[in-house]
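What follows is run00.txt (compact mmCIF, C-alpha atoms).
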# COMPACT_ATOMS: atom_id res chain seq x y z
CA MET A 289 -72.67 48.57 -0.99
CA HIS A 290 -70.36 46.64 1.31
CA ILE A 291 -67.95 44.33 -0.48
CA ARG A 292 -66.59 41.54 1.68
CA ALA A 293 -62.81 41.19 1.38
CA LYS A 294 -62.73 37.43 1.90
CA ASN A 295 -61.10 35.17 -0.63
CA GLU A 296 -63.70 32.47 -0.09
CA LEU A 297 -67.35 32.50 0.97
CA ASP A 298 -70.49 30.51 0.40
CA ALA A 299 -72.50 32.44 -2.19
CA PHE A 300 -76.18 32.25 -3.02
CA ILE A 301 -77.32 33.99 -6.18
CA GLY A 302 -80.75 35.45 -6.84
CA ILE A 303 -81.92 36.42 -10.33
CA ASP A 304 -85.02 38.47 -11.15
CA LEU A 305 -85.73 37.62 -14.78
CA GLY A 306 -88.11 40.21 -16.20
CA GLY A 307 -89.29 41.10 -19.66
CA THR A 308 -87.21 44.29 -19.82
CA LYS A 309 -84.43 43.83 -17.26
CA ILE A 310 -82.47 41.15 -15.43
CA SER A 311 -81.32 41.86 -11.89
CA ALA A 312 -78.81 39.70 -10.01
CA VAL A 313 -77.71 39.66 -6.39
CA LEU A 314 -75.11 37.68 -4.45
CA LEU A 315 -75.89 36.92 -0.80
CA ASP A 316 -73.58 35.38 1.77
CA ARG A 317 -74.78 32.82 4.33
CA GLY A 318 -75.83 35.59 6.67
CA GLY A 319 -78.19 37.00 4.05
CA HIS A 320 -76.02 40.06 3.46
CA ILE A 321 -75.87 41.56 -0.02
CA VAL A 322 -72.31 41.23 -1.29
CA ARG A 323 -72.77 42.40 -4.87
CA ARG A 324 -75.54 43.19 -7.30
CA ASN A 325 -76.08 44.29 -10.89
CA GLU A 326 -78.76 44.95 -13.48
CA ARG A 327 -78.82 44.72 -17.27
CA PRO A 328 -81.39 44.71 -20.11
CA THR A 329 -83.10 41.44 -20.96
CA TYR A 330 -83.11 41.77 -24.78
CA ALA A 331 -86.09 39.40 -25.01
CA GLU A 332 -86.66 40.47 -28.60
CA ARG A 333 -83.26 38.98 -29.56
CA GLY A 334 -84.26 35.43 -28.65
CA VAL A 335 -83.59 32.80 -26.01
CA ASP A 336 -79.82 32.61 -26.46
CA ALA A 337 -79.40 36.36 -26.07
CA VAL A 338 -81.41 36.38 -22.84
CA ILE A 339 -79.48 33.45 -21.38
CA ARG A 340 -76.24 35.22 -22.27
CA GLN A 341 -77.46 38.27 -20.33
CA ILE A 342 -78.21 36.04 -17.35
CA THR A 343 -74.79 34.40 -17.36
CA ASP A 344 -73.03 37.72 -17.91
CA GLY A 345 -74.90 39.07 -14.90
CA ILE A 346 -73.86 36.12 -12.74
CA ASP A 347 -70.25 36.27 -13.91
CA SER A 348 -70.00 39.98 -13.22
CA LEU A 349 -70.94 39.38 -9.58
CA PHE A 350 -67.45 37.94 -9.15
CA SER A 351 -65.45 40.60 -10.96
CA GLY A 352 -65.38 44.32 -11.58
CA ASN A 353 -64.60 47.05 -9.08
CA GLY A 354 -63.55 46.21 -5.52
CA PRO A 355 -61.54 43.30 -4.12
CA SER A 356 -61.63 40.09 -6.09
CA PHE A 357 -62.85 36.92 -4.42
CA HIS A 358 -63.70 33.40 -5.47
CA PRO A 359 -66.80 32.19 -3.70
CA SER A 360 -68.28 28.75 -3.76
CA ILE A 361 -71.67 29.02 -5.49
CA MET A 362 -74.04 27.02 -3.30
CA GLY A 363 -77.20 27.66 -5.31
CA ILE A 364 -78.96 29.91 -7.81
CA GLY A 365 -82.60 30.98 -7.45
CA VAL A 366 -84.39 32.51 -10.43
CA ALA A 367 -87.59 34.52 -9.97
CA THR A 368 -89.66 34.88 -13.12
CA ALA A 369 -93.20 35.22 -14.37
CA GLY A 370 -94.94 32.63 -16.49
CA VAL A 371 -95.82 28.96 -16.27
CA LEU A 372 -92.98 27.04 -14.65
CA ASP A 373 -91.97 23.44 -14.13
CA SER A 374 -90.00 24.30 -11.03
CA ALA A 375 -88.99 20.73 -10.22
CA ASN A 376 -87.21 20.34 -13.57
CA GLY A 377 -86.11 23.96 -14.00
CA ILE A 378 -88.15 24.58 -17.16
CA VAL A 379 -89.87 27.79 -18.19
CA LYS A 380 -92.86 26.24 -19.94
CA PHE A 381 -94.32 29.52 -21.14
CA ALA A 382 -93.43 33.15 -20.47
CA ALA A 383 -95.18 35.72 -22.65
CA ASN A 384 -92.95 38.59 -21.50
CA LEU A 385 -89.84 36.66 -22.59
CA ARG A 386 -91.39 35.01 -25.66
CA TRP A 387 -90.26 31.67 -24.26
CA LYS A 388 -91.73 28.19 -24.57
CA GLU A 389 -90.20 25.07 -23.00
CA VAL A 390 -86.82 26.60 -22.13
CA ALA A 391 -84.68 24.40 -19.85
CA LEU A 392 -83.03 27.28 -18.02
CA GLY A 393 -82.41 25.41 -14.77
CA PRO A 394 -80.44 22.48 -16.23
CA PHE A 395 -78.32 24.86 -18.33
CA LEU A 396 -77.36 27.05 -15.37
CA SER A 397 -76.83 24.04 -13.12
CA ALA A 398 -74.38 22.47 -15.60
CA ARG A 399 -72.54 25.75 -16.15
CA TYR A 400 -72.14 26.69 -12.49
CA ARG A 401 -72.18 23.18 -10.99
CA CYS A 402 -74.75 23.96 -8.32
CA PRO A 403 -78.47 23.50 -7.63
CA VAL A 404 -80.77 25.86 -9.55
CA ARG A 405 -84.44 26.46 -8.80
CA LEU A 406 -87.05 28.53 -10.60
CA TYR A 407 -89.64 30.40 -8.56
CA ASN A 408 -92.77 32.34 -9.42
CA ASP A 409 -91.77 36.00 -9.14
CA ALA A 410 -94.57 36.98 -6.74
CA ASN A 411 -93.78 34.00 -4.49
CA ALA A 412 -90.10 34.90 -4.44
CA ALA A 413 -90.89 38.53 -3.64
CA ALA A 414 -93.26 37.49 -0.85
CA PHE A 415 -90.54 35.30 0.67
CA GLY A 416 -87.98 38.10 0.37
CA GLU A 417 -90.25 40.61 2.11
CA TRP A 418 -91.09 38.06 4.81
CA GLN A 419 -87.46 37.23 5.54
CA MET A 420 -85.82 40.62 5.04
CA GLY A 421 -88.45 43.29 4.40
CA ALA A 422 -91.89 44.52 5.41
CA GLY A 423 -93.07 41.08 6.56
CA ILE A 424 -90.36 40.44 9.16
CA GLY A 425 -91.82 39.14 12.40
CA THR A 426 -95.11 37.93 10.92
CA ASP A 427 -96.36 34.42 10.28
CA ASN A 428 -99.18 35.44 7.93
CA CYS A 429 -98.64 38.05 5.25
CA LEU A 430 -99.50 38.72 1.64
CA TYR A 431 -97.34 40.33 -1.00
CA VAL A 432 -99.41 41.87 -3.80
CA THR A 433 -97.56 43.00 -6.88
CA VAL A 434 -99.20 45.70 -9.00
CA SER A 435 -97.28 45.69 -12.23
CA THR A 436 -97.93 44.49 -15.79
CA GLY A 437 -100.43 42.17 -14.12
CA ILE A 438 -101.55 41.52 -10.56
CA GLY A 439 -99.82 38.76 -8.61
CA CYS A 440 -99.87 37.60 -5.02
CA GLY A 441 -97.42 35.70 -2.84
CA ILE A 442 -98.81 34.07 0.30
CA ILE A 443 -97.11 33.38 3.62
CA SER A 444 -99.51 31.44 5.86
CA GLY A 445 -98.63 29.87 9.18
CA GLY A 446 -94.98 30.68 8.59
CA ARG A 447 -94.88 28.87 5.24
CA LEU A 448 -94.80 29.99 1.62
CA ILE A 449 -97.95 28.65 -0.06
CA THR A 450 -97.24 27.67 -3.67
CA GLY A 451 -99.95 25.17 -4.59
CA VAL A 452 -99.65 21.92 -6.53
CA GLU A 453 -98.00 23.51 -9.58
CA ASP A 454 -96.38 26.53 -7.92
CA SER A 455 -99.26 28.60 -9.27
CA ALA A 456 -101.04 29.71 -6.08
CA GLY A 457 -101.71 33.42 -5.69
CA GLU A 458 -103.18 34.35 -9.08
CA LEU A 459 -105.04 37.26 -7.50
CA GLY A 460 -105.14 39.07 -10.83
CA HIS A 461 -107.46 36.43 -12.23
CA ILE A 462 -110.09 36.59 -9.52
CA SER A 463 -113.24 37.90 -11.19
CA ILE A 464 -114.68 41.06 -9.65
CA ASP A 465 -117.30 41.49 -12.39
CA SER A 466 -118.90 38.43 -13.96
CA ASN A 467 -120.13 40.61 -16.83
CA GLY A 468 -116.80 42.31 -17.34
CA PRO A 469 -114.46 42.08 -20.35
CA ARG A 470 -112.93 38.74 -21.26
CA CYS A 471 -109.40 38.27 -19.98
CA SER A 472 -106.56 36.53 -21.80
CA CYS A 473 -106.82 33.75 -19.18
CA GLY A 474 -110.36 32.94 -20.40
CA ASN A 475 -112.20 34.36 -17.39
CA TYR A 476 -114.35 37.51 -17.39
CA GLY A 477 -113.92 40.67 -15.35
CA CYS A 478 -110.53 39.72 -13.91
CA LEU A 479 -109.06 42.06 -11.33
CA GLU A 480 -106.00 42.88 -13.41
CA ARG A 481 -108.25 44.21 -16.20
CA TYR A 482 -109.09 47.08 -13.85
CA CYS A 483 -106.10 47.92 -11.68
CA SER A 484 -102.81 46.59 -13.08
CA GLY A 485 -100.28 49.03 -14.46
CA THR A 486 -101.28 47.79 -17.92
CA ALA A 487 -104.97 48.45 -17.22
CA ILE A 488 -104.36 51.95 -15.87
CA ALA A 489 -102.31 52.80 -18.96
CA ARG A 490 -104.86 51.23 -21.33
CA ILE A 491 -107.82 53.11 -19.86
CA ALA A 492 -105.94 56.42 -19.86
CA SER A 493 -104.71 55.82 -23.41
CA GLU A 494 -108.28 55.26 -24.57
CA GLN A 495 -109.22 58.68 -23.17
CA VAL A 496 -106.33 60.28 -25.04
CA ARG A 497 -107.30 58.52 -28.30
CA LEU A 498 -110.83 59.83 -27.97
CA MET A 499 -109.31 63.30 -27.57
CA LYS A 500 -111.26 63.87 -24.41
CA VAL A 501 -110.76 67.41 -23.13
CA ASP A 502 -110.11 66.14 -19.60
CA ALA A 503 -107.27 63.94 -20.93
CA ALA A 504 -105.26 66.95 -22.09
CA LEU A 505 -102.62 66.82 -19.33
CA ILE A 506 -102.06 63.07 -19.63
CA SER A 507 -101.74 63.49 -23.38
CA LYS A 508 -99.22 66.31 -22.98
CA LEU A 509 -97.09 64.28 -20.55
CA ALA A 510 -97.06 61.42 -23.08
CA GLY A 511 -95.96 63.69 -25.92
CA ASN A 512 -99.48 63.56 -27.43
CA ASP A 513 -98.89 59.91 -28.27
CA PRO A 514 -101.58 57.53 -26.92
CA GLU A 515 -99.16 54.61 -27.27
CA ALA A 516 -96.71 56.33 -24.90
CA VAL A 517 -99.16 56.57 -22.00
CA THR A 518 -98.08 54.47 -19.01
CA ALA A 519 -99.33 54.05 -15.45
CA LEU A 520 -96.53 56.36 -14.33
CA THR A 521 -97.74 58.98 -16.83
CA VAL A 522 -101.06 58.88 -15.01
CA ALA A 523 -99.24 59.05 -11.67
CA LYS A 524 -97.33 62.16 -12.76
CA ALA A 525 -100.58 63.79 -13.84
CA ALA A 526 -102.11 62.89 -10.46
CA GLU A 527 -99.20 64.60 -8.69
CA LEU A 528 -100.24 67.74 -10.58
CA GLN A 529 -103.81 67.23 -9.27
CA ASP A 530 -105.19 66.37 -12.69
CA PRO A 531 -108.87 65.39 -12.14
CA LEU A 532 -108.92 62.58 -14.73
CA ALA A 533 -105.72 61.01 -13.42
CA LEU A 534 -106.98 61.15 -9.85
CA ARG A 535 -110.27 59.56 -10.89
CA LEU A 536 -108.57 56.76 -12.82
CA LEU A 537 -106.32 55.94 -9.88
CA ARG A 538 -109.23 56.10 -7.46
CA GLU A 539 -111.13 53.61 -9.61
CA ALA A 540 -108.08 51.34 -9.90
CA GLY A 541 -107.46 51.52 -6.16
CA THR A 542 -111.10 50.68 -5.50
CA ALA A 543 -110.89 47.61 -7.73
CA LEU A 544 -107.66 46.54 -6.03
CA GLY A 545 -109.34 46.90 -2.66
CA ILE A 546 -112.23 44.68 -3.75
CA GLY A 547 -109.76 41.95 -4.69
CA ILE A 548 -107.74 42.33 -1.50
CA VAL A 549 -110.86 42.12 0.69
CA SER A 550 -111.48 38.67 -0.79
CA VAL A 551 -108.01 37.37 0.05
CA ILE A 552 -108.11 38.92 3.54
CA HIS A 553 -111.35 37.03 4.17
CA LEU A 554 -109.79 33.86 2.77
CA LEU A 555 -106.36 33.97 4.43
CA ASN A 556 -106.65 36.33 7.45
CA PRO A 557 -103.17 37.93 7.13
CA GLU A 558 -101.44 40.28 9.55
CA VAL A 559 -99.90 42.42 6.81
CA VAL A 560 -100.64 43.15 3.15
CA ILE A 561 -97.52 44.37 1.35
CA ILE A 562 -97.97 46.25 -1.93
CA GLY A 563 -95.11 46.12 -4.42
CA GLY A 564 -94.41 46.12 -8.14
CA GLY A 565 -93.71 48.99 -10.52
CA ALA A 566 -97.11 50.61 -10.06
CA ALA A 567 -96.51 50.79 -6.30
CA ASN A 568 -94.53 53.96 -7.12
CA ILE A 569 -97.89 55.62 -7.75
CA GLY A 570 -98.32 55.91 -3.98
CA GLU A 571 -101.28 57.20 -2.03
CA PRO A 572 -103.64 58.02 -4.93
CA LEU A 573 -103.81 54.24 -5.47
CA LEU A 574 -103.37 53.01 -1.89
CA GLU A 575 -105.86 55.24 -0.08
CA PRO A 576 -108.95 54.15 -2.07
CA MET A 577 -107.76 50.55 -1.63
CA ARG A 578 -107.63 51.04 2.14
CA ALA A 579 -111.07 52.67 2.11
CA VAL A 580 -112.64 49.69 0.35
CA VAL A 581 -111.03 47.27 2.79
CA ARG A 582 -112.45 49.29 5.70
CA GLU A 583 -115.91 49.56 4.14
CA ARG A 584 -116.35 46.04 2.76
CA GLY A 585 -114.24 43.84 4.97
CA ILE A 586 -115.42 41.93 8.02
CA SER A 587 -114.30 44.37 10.67
CA SER A 588 -112.89 41.75 13.05
CA MET A 589 -110.63 40.52 10.20
CA THR A 590 -109.61 43.84 8.68
CA ALA A 591 -109.30 46.19 11.67
CA ASN A 592 -105.74 45.16 12.51
CA VAL A 593 -104.42 44.36 9.04
CA LYS A 594 -101.51 46.62 8.14
CA MET A 595 -101.41 47.83 4.52
CA VAL A 596 -97.84 48.82 3.69
CA TRP A 597 -95.51 49.44 0.77
CA SER A 598 -92.76 46.97 -0.05
CA ALA A 599 -89.57 47.56 1.94
CA LEU A 600 -87.33 45.85 -0.64
CA GLY A 601 -88.87 47.51 -3.69
CA LYS A 602 -87.64 46.16 -7.01
CA ASP A 603 -85.10 43.96 -5.18
CA ALA A 604 -87.75 41.77 -3.52
CA GLY A 605 -87.85 39.08 -6.22
CA MET A 606 -84.11 38.49 -6.54
CA ILE A 607 -83.48 38.66 -2.79
CA GLY A 608 -86.36 36.25 -2.22
CA ALA A 609 -85.06 33.83 -4.86
CA ALA A 610 -81.61 33.82 -3.25
CA ALA A 611 -83.15 33.34 0.21
CA LEU A 612 -85.32 30.46 -1.04
CA ILE A 613 -82.43 28.53 -2.58
CA MET A 614 -80.43 29.23 0.59
CA GLY A 615 -83.12 27.51 2.65
CA GLU A 616 -83.26 24.35 0.52

Just dump the structure as structure tokens.
Amino acid sequence: MHIRAKNELDAFIGIDLGGTKISAVLLDRGGHIVRRNERPTYAERGVDAVIRQITDGIDSLFSGNGPSFHPSIMGIGVATAGVLDSANGIVKFAANLRWKEVALGPFLSARYRCPVRLYNDANAAAFGEWQMGAGIGTDNCLYVTVSTGIGCGIISGGRLITGVEDSAGELGHISIDSNGPRCSCGNYGCLERYCSGTAIARIASEQVRLMKVDAALISKLAGNDPEAVTALTVAKAAELQDPLALRLLREAGTALGIGIVSVIHLLNPEVVIIGGGAANIGEPLLEPMRAVVRERGISSMTANVKMVWSALGKDAGMIGAAALIMGE
């Protein structure tokens, strides 16, 4: 990482506030990464503990190893999941943080004496990829995050589409089976019930609990504990050519493709960028997704759509949040 040796610079800070970790990045006006760090969230310890982790992360961007400098903080962007009141900087509800009505923006603004904005994490990641990652040079791209749930950030006509309440892009709650299981959102057969990292882990765990013979390798990789099965457990089994793991990922990729066909038809993008933790699964998930897009999509709309992995990886959200506040 390059550390600028200036005594003064205009700094823009991006925070990715997740349920298990908090990542922070400092960008200069040119969009260059000056410093970065990551620390656990400690959501189980309550709101004050999480906020302390956020402020410690910000403070440590200006200290530690390397030359010291004293930048002027021009703005802080926070990317997070949940229901947000972005205009007033309030996290209205975030299940992964166990938060309700937390005025994070006003607190950080008063502490650091700068503007603070909250952004939906998928929207921030989409903006980051568009400005500095796999979406550079496009005016119409989608960022689809495959993680605990399924989210989608939309760049259309060179603009980030957020909707009336910054809630646009809930791809995970598009129904792909009207007779499917009820989702926590109230809908039935939601996409994320079939292809999120949580869904992949849940379905595999059920096979282990039933002591299915074909679940033996997944069970072994999870220490014979159904509760320890994750999407990456399934991915590791797939790398070893385990038939069950390959089938589960093929089914998840197929479901993801069905959802993506719908948004391609709706928004006509140039590029679909796949990110999130489950993106590490790789081709066993992506290839069946591509196949469904080819088979089910209107050929004139899908023939030239590029389906690519995120270029920024886990950094997309915090870089996007910093870039968004920089542009305001």

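Taking atom CA of A:Lys524 and atom CA of A:Gly306 as endpoints, the distance between them is 24.1 Å.
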
Between A:Ala369, A:Leu505, A:Ile364, A:Ile301, which has the minimum distance to A:Pro394 (counting only C-alpha atoms)? A:Ile364

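Pairwise distance (atom CA of A:Asn592, atom CA of A:Gly416) equals 22.6 Å.
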
Given the point (-106.5, 43.6, -22.5) in the file's coordinates, find the residues that have an atom at most 8 Å from it, counting all atoms listed in the file, and give them as an mmCIF file with C-alpha atoms, in the coordinates of the input.
data_model
loop_
_atom_site.group_PDB
_atom_site.id
_atom_site.type_symbol
_atom_site.label_atom_id
_atom_site.label_comp_id
_atom_site.auth_asym_id
_atom_site.auth_seq_id
_atom_site.Cartn_x
_atom_site.Cartn_y
_atom_site.Cartn_z
ATOM 1 C CA CYS A 471 -109.400 38.270 -19.980
ATOM 2 C CA SER A 472 -106.560 36.530 -21.800
ATOM 3 C CA ARG A 481 -108.250 44.210 -16.200
ATOM 4 C CA ALA A 487 -104.970 48.450 -17.220
ATOM 5 C CA ARG A 490 -104.860 51.230 -21.330
#

Which residues of stretch 431-475 of chain A come within 12 Å of stretch 395-409 of chain A, and what is each one's closest atom pair and distance in Å (one decimal), counting all atoms listed in the file, sorted by chain and residue number, as CSV?
residue,atom,partner,partner_atom,distance
A:Tyr431,CA,A:Asp409,CA,10.8
A:Val432,CA,A:Asp409,CA,11.0
A:Thr433,CA,A:Asp409,CA,9.4
A:Ser435,CA,A:Asp409,CA,11.6
A:Gly437,CA,A:Asp409,CA,11.7
A:Ile438,CA,A:Asp409,CA,11.3
A:Gly439,CA,A:Asp409,CA,8.5
A:Cys440,CA,A:Asp409,CA,9.2
A:Gly441,CA,A:Asp409,CA,8.5
A:Ile442,CA,A:Asn408,CA,11.6
A:Leu448,CA,A:Tyr407,CA,11.4
A:Ile449,CA,A:Asn408,CA,11.3
A:Thr450,CA,A:Asn408,CA,8.7
A:Gly451,CA,A:Asn408,CA,11.2
A:Glu453,CA,A:Asn408,CA,10.3
A:Asp454,CA,A:Asn408,CA,7.0
A:Ser455,CA,A:Asn408,CA,7.5
A:Ala456,CA,A:Asn408,CA,9.3
A:Gly457,CA,A:Asn408,CA,9.7
A:Glu458,CA,A:Asn408,CA,10.6

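Each of A:Met420, A:Ile303, A:Ser444, A:Ile321 was compared to A:Gly393 using only C-alpha atoms, and A:Ile303 turns out to be the nearest.
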
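Taking all atoms listed in the file into account, A:Gly460 lies nearest to A:Cys478 out of the set A:Ile310, A:Lys508, A:Gln341, A:Cys478.
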
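Shortest atom-to-atom contact with A:Asp373 among A:Glu417, A:Pro469, A:Val452, A:Tyr330: A:Val452, counting all atoms listed in the file.
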
For stretch 563-574 of chain A, list every protein, DNA or RNA residue within 9 Å, evaluated using all atoms listed in the file, and leave out those in the same chain fewer than 3 positions away; present the list as a ChimeraX atom specification. /A:413,431-436,438,484-485,519-520,522-524,526-527,534,537-542,544-545,577-579,595-602,604

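Coordinates place atom CA of A:Asp502 at a distance of 29.0 Å from atom CA of A:Tyr476.
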
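For A:Lys380, the set of protein, DNA and RNA residues having any atom at most 7 Å away, when counting only C-alpha atoms and skipping those fewer than 3 positions along the same chain, is Val371, Leu372, Asp373, Lys388, Glu389 and Val390 of chain A.
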
Which residue out of A:Pro328, A:Val517, A:Gly445, A:Phe300 has the minimum interatomic distance to A:Thr486 when all atoms listed in the file are used? A:Val517

Residues of stretch 415-472 of chain A that have any atom at most 8 Å from an atom of stretch 547-557 of chain A: could you tabulate them with the shortest-distance atom pair and the distance in Å to one decimal, using all atoms listed in the file, ordered by chain and increasing number, as a Markdown table?
| residue | atom | partner | partner_atom | distance |
| --- | --- | --- | --- | --- |
| A:Asn428 | CA | A:Pro557 | CA | 4.8 |
| A:Cys429 | CA | A:Pro557 | CA | 4.9 |
| A:Leu430 | CA | A:Pro557 | CA | 6.7 |
| A:Ser444 | CA | A:Leu555 | CA | 7.4 |
| A:Leu459 | CA | A:Gly547 | CA | 7.2 |
| A:Ile462 | CA | A:Gly547 | CA | 7.2 |
| A:Ile464 | CA | A:Gly547 | CA | 7.0 |

Spatial neighbours of A:Ala312, 8 Å, only C-alpha atoms, chain gap at least 6 places, as number ranges by chain: A: 301-304, 324-326, 345-346, 349, 606

How big is the axis-aligned box around all listed atoms of stretch 342-350 of chain A once 6 Å goes on each side, and where's its centre, in Å to one decimal, as lines of an AutoDock Vina configuration file?
center_x = -72.8
center_y = 37.2
center_z = -13.5
size_x = 22.8
size_y = 17.6
size_z = 20.8
